[in-house]
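S.K.: Contents of entry.pdb (PDB, C-alpha atoms and all ligand atoms):
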MODEL        1
ATOM      1  CA  MET A 703       0.000   0.000   0.000
ATOM      2  CA  PRO A 704       1.326   3.463  -0.850
ATOM      3  CA  PRO A 705       1.533   5.886   2.102
ATOM      4  CA  ALA A 706      -1.652   7.911   2.754
ATOM      5  CA  THR A 707       0.218  11.009   1.647
ATOM      6  CA  THR A 708       0.705   9.700  -1.889
ATOM      7  CA  PRO A 709      -1.444  11.789  -4.257
ATOM      8  CA  ALA A 710      -4.058   9.674  -6.053
ATOM      9  CA  HIS A 711      -3.992  12.006  -9.047
ATOM     10  CA  VAL A 712      -0.911  13.826 -10.322
ATOM     11  CA  ALA A 713      -1.254  16.197 -13.278
ATOM     12  CA  ILE A 714       1.786  17.557 -15.087
ATOM     13  CA  ILE A 715       2.279  20.547 -17.371
ATOM     14  CA  MET A 716       5.267  19.228 -19.302
ATOM     15  CA  ASP A 717       7.094  22.401 -20.301
ATOM     16  CA  GLY A 718      10.592  23.347 -21.444
ATOM     17  CA  ASN A 719      11.289  21.019 -24.380
ATOM     18  CA  GLY A 720      12.062  23.946 -26.672
ATOM     19  CA  ARG A 721      14.464  25.603 -24.223
ATOM     20  CA  TRP A 722      16.190  22.272 -23.543
ATOM     21  CA  ALA A 723      16.881  21.922 -27.285
ATOM     22  CA  LYS A 724      17.897  25.561 -27.714
ATOM     23  CA  GLN A 725      20.471  25.277 -24.910
ATOM     24  CA  ARG A 726      22.098  22.485 -26.910
ATOM     25  CA  GLY A 727      21.803  24.075 -30.344
ATOM     26  CA  LEU A 728      19.348  21.354 -31.391
ATOM     27  CA  PRO A 729      16.047  21.707 -33.272
ATOM     28  CA  ARG A 730      12.926  22.100 -31.074
ATOM     29  CA  LEU A 731      11.637  18.747 -32.250
ATOM     30  CA  GLU A 732      14.662  17.058 -30.694
ATOM     31  CA  GLY A 733      13.538  18.580 -27.382
ATOM     32  CA  HIS A 734      10.114  17.043 -27.890
ATOM     33  CA  ARG A 735      11.725  13.661 -28.685
ATOM     34  CA  ARG A 736      13.646  13.812 -25.406
ATOM     35  CA  GLY A 737      10.440  14.950 -23.735
ATOM     36  CA  ALA A 738       8.757  11.734 -24.865
ATOM     37  CA  LYS A 739      11.524   9.764 -23.131
ATOM     38  CA  ALA A 740      10.875  11.727 -19.946
ATOM     39  CA  VAL A 741       7.216  10.723 -20.232
ATOM     40  CA  ARG A 742       8.188   7.063 -20.187
ATOM     41  CA  ALA A 743      10.399   7.458 -17.085
ATOM     42  CA  THR A 744       7.834   9.555 -15.214
ATOM     43  CA  LEU A 745       4.943   7.296 -16.086
ATOM     44  CA  THR A 746       6.609   4.193 -14.707
ATOM     45  CA  ALA A 747       7.850   5.974 -11.585
ATOM     46  CA  ALA A 748       4.468   7.548 -10.813
ATOM     47  CA  PHE A 749       2.486   4.329 -10.994
ATOM     48  CA  GLU A 750       5.188   2.437  -9.079
ATOM     49  CA  ALA A 751       4.867   5.036  -6.317
ATOM     50  CA  GLY A 752       1.139   4.285  -6.016
ATOM     51  CA  VAL A 753      -0.343   7.124  -8.069
ATOM     52  CA  LYS A 754      -3.677   6.027  -9.577
ATOM     53  CA  TYR A 755      -4.229   8.751 -12.171
ATOM     54  CA  LEU A 756      -1.502  10.551 -14.090
ATOM     55  CA  THR A 757      -2.624  13.363 -16.375
ATOM     56  CA  LEU A 758      -0.112  14.752 -18.861
ATOM     57  CA  TYR A 759      -0.681  18.019 -20.701
ATOM     58  CA  ALA A 760       0.684  17.080 -24.106
ATOM     59  CA  PHE A 761      -0.972  19.560 -26.485
ATOM     60  CA  SER A 762      -3.105  22.587 -25.712
ATOM     61  CA  VAL A 763      -5.783  24.185 -27.887
ATOM     62  CA  GLU A 764      -3.393  27.145 -28.102
ATOM     63  CA  ASN A 765      -0.480  25.005 -29.368
ATOM     64  CA  TRP A 766      -1.967  24.953 -32.917
ATOM     65  CA  LYS A 767      -0.548  28.489 -33.182
ATOM     66  CA  ARG A 768       2.989  27.046 -33.334
ATOM     67  CA  PRO A 769       4.850  26.677 -36.666
ATOM     68  CA  GLN A 770       3.209  24.042 -38.844
ATOM     69  CA  ASP A 771       6.284  21.793 -38.925
ATOM     70  CA  GLU A 772       6.463  21.749 -35.103
ATOM     71  CA  VAL A 773       2.755  20.850 -34.837
ATOM     72  CA  GLY A 774       3.224  18.112 -37.441
ATOM     73  CA  GLY A 775       6.303  16.833 -35.622
ATOM     74  CA  LEU A 776       4.426  16.708 -32.321
ATOM     75  CA  MET A 777       1.553  14.759 -33.885
ATOM     76  CA  GLY A 778       4.003  12.299 -35.448
ATOM     77  CA  LEU A 779       5.727  11.866 -32.127
ATOM     78  CA  LEU A 780       2.420  11.245 -30.386
ATOM     79  CA  ASN A 781       1.558   8.562 -32.905
ATOM     80  CA  TYR A 782       4.959   6.922 -32.427
ATOM     81  CA  PHE A 783       4.665   7.161 -28.641
ATOM     82  CA  LEU A 784       1.274   5.434 -28.621
ATOM     83  CA  LYS A 785       2.586   2.556 -30.745
ATOM     84  CA  GLN A 786       5.687   2.175 -28.560
ATOM     85  CA  GLU A 787       3.985   2.485 -25.188
ATOM     86  CA  LEU A 788       1.132   0.026 -25.630
ATOM     87  CA  LYS A 789       3.410  -2.707 -24.238
ATOM     88  CA  THR A 790       4.278  -0.607 -21.171
ATOM     89  CA  LEU A 791       0.606   0.169 -20.575
ATOM     90  CA  GLN A 792      -0.391  -3.485 -20.791
ATOM     91  CA  LYS A 793       2.508  -4.704 -18.653
ATOM     92  CA  ASN A 794       1.734  -2.187 -15.909
ATOM     93  CA  LYS A 795      -2.052  -2.554 -16.210
ATOM     94  CA  ILE A 796      -2.639   1.079 -17.147
ATOM     95  CA  ALA A 797      -5.750   2.255 -18.981
ATOM     96  CA  LEU A 798      -5.436   5.152 -21.411
ATOM     97  CA  ARG A 799      -7.929   8.011 -21.495
ATOM     98  CA  THR A 800      -7.885  11.382 -23.177
ATOM     99  CA  ILE A 801      -9.292  14.785 -22.323
ATOM    100  CA  GLY A 802      -9.693  17.491 -24.952
ATOM    101  CA  ARG A 803     -11.230  17.949 -28.375
ATOM    102  CA  THR A 804      -9.548  14.876 -29.804
ATOM    103  CA  ASP A 805     -11.864  14.807 -32.826
ATOM    104  CA  ALA A 806      -9.752  17.646 -34.284
ATOM    105  CA  LEU A 807      -6.522  15.594 -34.181
ATOM    106  CA  PRO A 808      -5.111  14.047 -37.390
ATOM    107  CA  ALA A 809      -6.840  10.833 -38.511
ATOM    108  CA  ASP A 810      -3.831   8.554 -37.891
ATOM    109  CA  VAL A 811      -3.486   9.839 -34.307
ATOM    110  CA  ARG A 812      -7.218   9.391 -33.665
ATOM    111  CA  LYS A 813      -7.015   5.832 -34.963
ATOM    112  CA  GLU A 814      -4.035   4.992 -32.757
ATOM    113  CA  LEU A 815      -5.689   6.610 -29.735
ATOM    114  CA  ALA A 816      -8.940   4.691 -30.241
ATOM    115  CA  ALA A 817      -7.052   1.396 -30.593
ATOM    116  CA  THR A 818      -4.949   2.018 -27.454
ATOM    117  CA  ILE A 819      -7.949   3.121 -25.385
ATOM    118  CA  LYS A 820      -9.869   0.015 -26.444
ATOM    119  CA  ALA A 821      -6.947  -2.335 -25.786
ATOM    120  CA  THR A 822      -6.381  -0.976 -22.254
ATOM    121  CA  ALA A 823      -9.980  -0.269 -21.183
ATOM    122  CA  HIS A 824     -10.118  -3.328 -18.916
ATOM    123  CA  HIS A 825      -7.451  -1.949 -16.560
ATOM    124  CA  LYS A 826      -9.241  -0.403 -13.587
ATOM    125  CA  GLU A 827      -6.407   0.322 -11.135
ATOM    126  CA  ARG A 828      -4.317   2.902 -12.995
ATOM    127  CA  THR A 829      -5.163   5.475 -15.617
ATOM    128  CA  LEU A 830      -2.950   7.571 -17.854
ATOM    129  CA  VAL A 831      -4.876  10.614 -19.020
ATOM    130  CA  LEU A 832      -3.452  12.458 -22.023
ATOM    131  CA  ALA A 833      -4.630  16.044 -22.412
ATOM    132  CA  LEU A 834      -4.705  16.512 -26.186
ATOM    133  CA  ASN A 835      -6.076  19.582 -27.901
ATOM    134  CA  TYR A 836      -7.099  20.427 -24.358
ATOM    135  CA  GLY A 837      -8.068  23.782 -22.925
ATOM    136  CA  SER A 838     -10.034  24.408 -19.753
ATOM    137  CA  ARG A 839     -12.153  27.155 -21.257
ATOM    138  CA  THR A 840     -13.074  24.996 -24.250
ATOM    139  CA  GLU A 841     -13.899  22.187 -21.830
ATOM    140  CA  ILE A 842     -16.183  24.439 -19.797
ATOM    141  CA  ALA A 843     -17.885  25.753 -22.949
ATOM    142  CA  ASP A 844     -18.438  22.169 -24.164
ATOM    143  CA  ALA A 845     -19.744  21.133 -20.730
ATOM    144  CA  ALA A 846     -22.109  24.118 -20.573
ATOM    145  CA  ARG A 847     -23.572  23.133 -23.936
ATOM    146  CA  ALA A 848     -23.985  19.492 -22.860
ATOM    147  CA  TYR A 849     -25.517  20.601 -19.558
ATOM    148  CA  ALA A 850     -27.987  22.887 -21.362
ATOM    149  CA  GLU A 851     -28.954  19.995 -23.645
ATOM    150  CA  ALA A 852     -29.530  17.766 -20.610
ATOM    151  CA  VAL A 853     -31.787  20.435 -19.097
ATOM    152  CA  ALA A 854     -33.680  20.910 -22.387
ATOM    153  CA  SER A 855     -34.291  17.180 -22.724
ATOM    154  CA  GLY A 856     -35.430  16.912 -19.108
ATOM    155  CA  LYS A 857     -32.516  14.673 -18.013
ATOM    156  CA  GLN A 858     -31.204  17.425 -15.739
ATOM    157  CA  LYS A 859     -33.349  19.514 -13.405
ATOM    158  CA  ASN A 860     -31.900  23.005 -13.455
ATOM    159  CA  ASP A 861     -33.372  24.105 -10.111
ATOM    160  CA  GLU A 862     -31.175  21.462  -8.429
ATOM    161  CA  ALA A 863     -27.996  22.604 -10.168
ATOM    162  CA  SER A 864     -24.842  21.533  -8.355
ATOM    163  CA  TRP A 865     -21.163  21.379  -9.198
ATOM    164  CA  ASP A 866     -21.295  17.567  -9.280
ATOM    165  CA  ASP A 867     -24.110  17.647 -11.843
ATOM    166  CA  PHE A 868     -22.160  20.079 -14.004
ATOM    167  CA  ALA A 869     -18.848  18.225 -13.617
ATOM    168  CA  ARG A 870     -20.416  15.100 -15.118
ATOM    169  CA  HIS A 871     -20.280  16.930 -18.462
ATOM    170  CA  LEU A 872     -16.579  17.833 -18.243
ATOM    171  CA  TYR A 873     -14.052  15.749 -20.209
ATOM    172  CA  THR A 874     -12.762  14.596 -16.813
ATOM    173  CA  ALA A 875     -16.078  12.992 -15.763
ATOM    174  CA  GLY A 876     -15.333  10.066 -13.460
ATOM    175  CA  ILE A 877     -11.721  11.142 -12.851
ATOM    176  CA  PRO A 878     -11.035  12.490  -9.345
ATOM    177  CA  ASP A 879      -9.674  16.044  -9.116
ATOM    178  CA  PRO A 880      -5.878  16.316  -9.245
ATOM    179  CA  ASP A 881      -4.223  16.355  -5.824
ATOM    180  CA  LEU A 882      -0.925  17.621  -7.182
ATOM    181  CA  VAL A 883      -0.209  19.737 -10.246
ATOM    182  CA  ILE A 884       3.417  19.977 -11.336
ATOM    183  CA  ARG A 885       4.767  22.418 -13.922
ATOM    184  CA  THR A 886       8.318  22.107 -15.159
ATOM    185  CA  SER A 887      10.619  24.723 -16.750
ATOM    186  CA  GLY A 888      10.201  27.443 -14.141
ATOM    187  CA  GLU A 889       7.070  29.034 -15.620
ATOM    188  CA  THR A 890       4.566  29.833 -12.879
ATOM    189  CA  ARG A 891       1.322  29.826 -14.824
ATOM    190  CA  ILE A 892      -1.516  27.398 -15.504
ATOM    191  CA  SER A 893      -1.870  27.937 -19.270
ATOM    192  CA  ASN A 894      -5.535  26.886 -19.433
ATOM    193  CA  PHE A 895      -4.997  23.502 -17.721
ATOM    194  CA  LEU A 896      -7.635  21.919 -15.430
ATOM    195  CA  LEU A 897      -8.708  25.312 -14.047
ATOM    196  CA  MET A 898     -11.786  24.062 -12.208
ATOM    197  CA  GLN A 899     -10.500  20.606 -11.312
ATOM    198  CA  SER A 900      -7.401  22.005  -9.608
ATOM    199  CA  ALA A 901      -9.458  24.234  -7.280
ATOM    200  CA  TYR A 902      -7.885  22.486  -4.262
ATOM    201  CA  ALA A 903      -4.783  20.944  -5.796
ATOM    202  CA  GLU A 904      -1.287  21.496  -4.446
ATOM    203  CA  PHE A 905       1.032  23.145  -6.987
ATOM    204  CA  ILE A 906       4.719  22.552  -7.525
ATOM    205  CA  PHE A 907       6.656  24.694  -9.985
ATOM    206  CA  THR A 908      10.081  23.222 -10.651
ATOM    207  CA  PRO A 909      12.835  24.848 -12.727
ATOM    208  CA  VAL A 910      13.765  21.467 -14.263
ATOM    209  CA  LEU A 911      13.127  21.410 -18.029
ATOM    210  CA  TRP A 912      10.768  18.598 -19.029
ATOM    211  CA  PRO A 913      13.376  16.448 -20.898
ATOM    212  CA  ASP A 914      15.462  16.401 -17.679
ATOM    213  CA  PHE A 915      12.495  15.294 -15.540
ATOM    214  CA  GLY A 916      12.342  11.677 -14.442
ATOM    215  CA  LYS A 917      12.084   9.317 -11.500
ATOM    216  CA  ASP A 918      14.229  11.343  -9.059
ATOM    217  CA  GLU A 919      12.477  14.622  -9.857
ATOM    218  CA  LEU A 920       9.074  12.971  -9.472
ATOM    219  CA  HIS A 921      10.088  11.489  -6.111
ATOM    220  CA  ALA A 922      11.221  14.954  -4.976
ATOM    221  CA  CYS A 923       7.786  16.342  -5.926
ATOM    222  CA  LEU A 924       6.002  13.527  -4.074
ATOM    223  CA  ALA A 925       8.137  14.204  -0.993
ATOM    224  CA  GLU A 926       7.294  17.911  -1.177
ATOM    225  CA  TYR A 927       3.588  17.052  -1.539
ATOM    226  CA  ALA A 928       3.770  14.835   1.567
ATOM    227  CA  ARG A 929       5.032  17.840   3.581
ATOM    228  CA  ARG A 930       2.051  20.010   2.603
ATOM    229  CA  GLU A 931      -1.019  20.332   4.781
ATOM    230  CA  ARG A 932      -4.245  20.338   2.787
ATOM    231  CA  ARG A 933      -6.900  22.122   4.790
ATOM    232  CA  PHE A 934      -9.870  22.453   2.391
ATOM    233  CA  GLY A 935     -11.064  25.517   4.289
ATOM    234  CA  ARG A 936     -10.598  24.092   7.795
ATOM    235  CA  THR A 937      -8.092  25.169  10.427
ATOM    236  CA  SER A 938      -4.776  23.433  10.906
ATOM    237  CA  GLU A 939      -5.959  22.201  14.334
ATOM    238  CA  GLN A 940      -9.072  20.637  12.814
ATOM    239  CA  VAL A 941      -6.978  18.844  10.205
ATOM    240  CA  ALA A 942      -4.575  17.538  12.870
ATOM    241  CA  GLY A 943      -7.554  16.430  14.994
ATOM    242  CA  ALA A 944      -9.159  14.556  12.109
ATOM    243  CA  LYS A 945      -5.886  12.707  11.496
ATOM    244  CA  GLY A 946      -5.698  11.721  15.181
ATOM    245  CA  GLU A 947      -9.205  10.208  15.064
ATOM    246  CA  LYS A 948      -8.299   7.753  12.323
TER     247      LYS A 948
HETATM  248  C1  LIG A1001       6.363  21.726 -23.860
HETATM  249  O1  LIG A1001       7.583  22.281 -24.216
HETATM  250  C2  LIG A1001       5.770  20.873 -24.952
HETATM  251  C3  LIG A1001       4.537  21.418 -25.553
HETATM  252  C4  LIG A1001       3.936  22.528 -25.216
HETATM  253  C5  LIG A1001       3.933  20.621 -26.601
HETATM  254  P1  LIG A1001       7.672  23.639 -25.044
HETATM  255  O2  LIG A1001       7.745  23.308 -26.490
HETATM  256  O3  LIG A1001       6.580  24.562 -24.664
HETATM  257  O4  LIG A1001       9.062  24.195 -24.535
HETATM  258  P2  LIG A1001       9.471  25.721 -24.336
HETATM  259  O5  LIG A1001       8.462  26.347 -23.438
HETATM  260  O6  LIG A1001       9.475  26.358 -25.701
HETATM  261  O7  LIG A1001      10.828  25.658 -23.738
HETATM  262  C1  LIG A1002       1.493  24.462 -21.898
HETATM  263  O1  LIG A1002       2.780  24.792 -22.322
HETATM  264  C2  LIG A1002       0.911  23.402 -22.776
HETATM  265  C3  LIG A1002       1.554  22.085 -22.680
HETATM  266  C4  LIG A1002       2.488  21.745 -21.845
HETATM  267  C5  LIG A1002       1.036  21.096 -23.608
HETATM  268  P1  LIG A1002       3.026  26.044 -23.298
HETATM  269  O2  LIG A1002       4.497  26.124 -23.483
HETATM  270  O3  LIG A1002       2.197  25.924 -24.500
HETATM  271  O4  LIG A1002       2.483  27.249 -22.403
HETATM  272  P2  LIG A1002       2.708  28.814 -22.515
HETATM  273  O5  LIG A1002       2.344  29.220 -23.890
HETATM  274  O6  LIG A1002       4.164  29.061 -22.244
HETATM  275  O7  LIG A1002       1.846  29.412 -21.449
HETATM  276 MG    MG A1003       6.435  26.044 -23.305
ENDMDL
END
For this file, produce the structure as structure tokens.
M.R.:
Amino acid sequence: MPPATTPAHVAIIMDGNGRWAKQRGLPRLEGHRRGAKAVRATLTAAFEAGVKYLTLYAFSVENWKRPQDEVGGLMGLLNYFLKQELKTLQKNKIALRTIGRTDALPADVRKELAATIKATAHHKERTLVLALNYGSRTEIADAARAYAEAVASGKQKNDEASWDDFARHLYTAGIPDPDLVIRTSGETRISNFLLMQSAYAEFIFTPVLWPDFGKDELHACLAEYARRERRFGRTSEQVAGAKGEK
């Protein structure tokens, strides 16, 4: 059993691939290639540590604004990654899920995603969530439309509106809120990632560039998380008291 202080859901904003490459005089795509290797190391380490859900921000709705060859390179890399990692997912009993407007991704990526999701759907213990063409505001707009449709069709009573009812229409339906959100590369912003779901998450901003992130860096983040006190609006004394009662 993992310690009680292990976060059930870790979400990562994988940032700094471009700077990693630039520092070495390499093309940006080489940074993304090394970033994919960091994904493999982090994925294995996170699930070994007892994390149940790992969400990785791989492509934002805003990332389409990048040069066309970089976007194409990222999509190719994603396709390659999915083919390569199916074995790892099966071996470690990890189900794949996505959040985001994946219907706008290239056809070959959609095909690979659908096949991987189907092949891993029976794994119930661990879930890798890839945020692809994801943006929180788009997600909320999509959820608002779905919620309105549910009200119009009588499936949802609007006078009983609650967050839980609304959240069932988010891409993340059924996935617990992230306990820990990590952003690499030293940027201290959220960039449209899980805005509502991270309402009570702990945040760690590390200067490490994503291609240099791996098992040791993840363990350092988990150790930092374990030192935090999550109060959810209560006092520190109340939290300490509740722990003592267990
Ligand atoms: C993160 O690295 C990968 C994606 C956003 C797809 P970046 O490509 O943003 O790296 P920097 O921020 O330019 O260093
Ligand atoms: C956030 O990184 C998106 C992903 C990690 C996929 P960006 O590099 O796109 O974020 P900004 O533009 O610096 O805020
Ligand atoms: Mg960036």
S.K.: So what does the PyMOL selection byres (((chain A and resi 835) around 9) and not hetatm) actually pick up in this one, as JSON, numbers by chain?
M.R.: {"A": [760, 761, 762, 763, 764, 765, 766, 801, 802, 803, 804, 805, 806, 807, 833, 834, 836, 837]}
S.K.: Expand the PyMOL selection byres (((chain A and resi 825) around 6) and not hetatm) into the individual residues it matches in the shown file, reporting them as number ranges by chain.
M.R.: A: 795-797, 822-824, 826-827
S.K.: Can you list, as a PDB file with C-alpha atoms, in the frame of the given file, every protein, DNA or RNA residue that comes within 9 Å of Leu788 (chain A) when you count all atoms listed in the file, leaving out same-chain residues fewer than 5 positions away?
M.R.:
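Contents of out23.pdb, as written:
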ATOM      1  CA  PHE A 783       4.665   7.161 -28.641  1.00  0.00           C
ATOM      2  CA  LYS A 793       2.508  -4.704 -18.653  1.00  0.00           C
ATOM      3  CA  THR A 818      -4.949   2.018 -27.454  1.00  0.00           C
ATOM      4  CA  ALA A 821      -6.947  -2.335 -25.786  1.00  0.00           C
ATOM      5  CA  THR A 822      -6.381  -0.976 -22.254  1.00  0.00           C
TER       6      THR A 822
END
S.K.: Report the residues retrieved by the PyMOL selection byres (((not hetatm)) within 12 of (chain A and resi 1002)) from the displayed file, expressed as a PyMOL selection string.
M.R.: chain A and resi 713-721+734+737+757-768+773+776+802+832-838+884-896+911-912
S.K.: Nearest to Pro913 (chain A) among A:Leu784, A:Ala740, A:Ala843, A:Ala848, with distances taken over all atoms listed in the file: which residue is it?
M.R.: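 Result for the nearest residue to Pro913 (chain A): A:Ala740.
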S.K.: Within 8 Å of region 864-873 of chain A, counting only C-alpha atoms, which residues show up once you throw out same-chain ones fewer than 2 positions away? Write them as a list of chain:residue names, please.
M.R.: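 Near neighbours after the sequence-gap exclusion: A:Ile801, A:Gly802, A:Glu841, A:Ile842, A:Asp844, A:Ala845, A:Ala846, A:Ala848, A:Tyr849, A:Glu862, A:Ala875, A:Gly876.
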S.K.: Could you save the residues just selected, with C-alpha atoms, as a JSON list (two decimals), in the coordinates of the input?
M.R.:
[["chain", "number", "residue", "atom", "x", "y", "z"],
["A", 801, "ILE", "CA", -9.29, 14.78, -22.32],
["A", 802, "GLY", "CA", -9.69, 17.49, -24.95],
["A", 841, "GLU", "CA", -13.90, 22.19, -21.83],
["A", 842, "ILE", "CA", -16.18, 24.44, -19.80],
["A", 844, "ASP", "CA", -18.44, 22.17, -24.16],
["A", 845, "ALA", "CA", -19.74, 21.13, -20.73],
["A", 846, "ALA", "CA", -22.11, 24.12, -20.57],
["A", 848, "ALA", "CA", -23.98, 19.49, -22.86],
["A", 849, "TYR", "CA", -25.52, 20.60, -19.56],
["A", 862, "GLU", "CA", -31.18, 21.46, -8.43],
["A", 875, "ALA", "CA", -16.08, 12.99, -15.76],
["A", 876, "GLY", "CA", -15.33, 10.07, -13.46]]
S.K.: Smallest atom-to-atom distance to Met898 (chain A): which of A:Gln792, A:Pro880, A:Arg933, A:Glu939, using all atoms listed in the file?
M.R.: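 Distance minimum relative to Met898 (chain A) lands on A:Pro880.
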S.K.: Find the residues with any atom within 6 Å of (-4.8, 21.1, -9.7); use all atoms listed in the file and the coordinates as given in the file, and write the answer as a list in words.
M.R.: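 In the file's frame, the residues around the point are Pro880, Leu882, Val883, Gln899, Ser900 and Ala903 of chain A.
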S.K.: Hey, can you check how far CA of Arg828 (chain A) sits from CA of Val941 (chain A)?
M.R.: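 According to the coordinates, CA of Arg828 (chain A) and CA of Val941 (chain A) are separated by 28.3 Å.
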S.K.: At what distance in Å, to one decimal, does CA of Arg735 (chain A) lie from CA of Trp722 (chain A)?
M.R.: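 Separation of CA of Trp722 (chain A) and CA of Arg735 (chain A): 11.0 Å.
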S.K.: Where's the centre, and what are the edge lengths in Å to one decimal, of a box along x, y and z enclosing all listed atoms of region 795-802 of chain A padded 3 Å per side, as lines of an AutoDock Vina configuration file?
M.R.:
center_x = -5.9
center_y = 7.5
center_z = -20.6
size_x = 13.6
size_y = 26.0
size_z = 14.7
S.K.: Go through A:Gly733, A:Gly856, A:Lys917, A:Arg742 one by one, measure the shortest atom-to-atom distance of each to ligand MG 1003 (chain A) using all atoms listed in the file, and give the residue with the smallest value.
M.R.: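 The shortest atom-to-atom distance to ligand MG 1003 (chain A) comes from A:Gly733.
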S.K.: Tell me which of A:Lys945, A:Arg932, A:Lys724, A:His711 sits closest to ligand LIG 1001 (chain A), counting all atoms listed in the file.
M.R.: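 Among the listed residues, A:Lys724 lies closest to ligand LIG 1001 (chain A).
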S.K.: Measuring atom to atom with only C-alpha atoms, identify which of A:Thr800, A:Thr840, A:Gln940, A:Thr790 is nearest to Leu745 (chain A).
M.R.: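 Ranking A:Thr800, A:Thr840, A:Gln940, A:Thr790 by distance to Leu745 (chain A), first place goes to A:Thr790.
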S.K.: How many Å lie between CA of Lys739 (chain A) and CA of Phe915 (chain A), rounded to one decimal?
M.R.: 9.4 Å
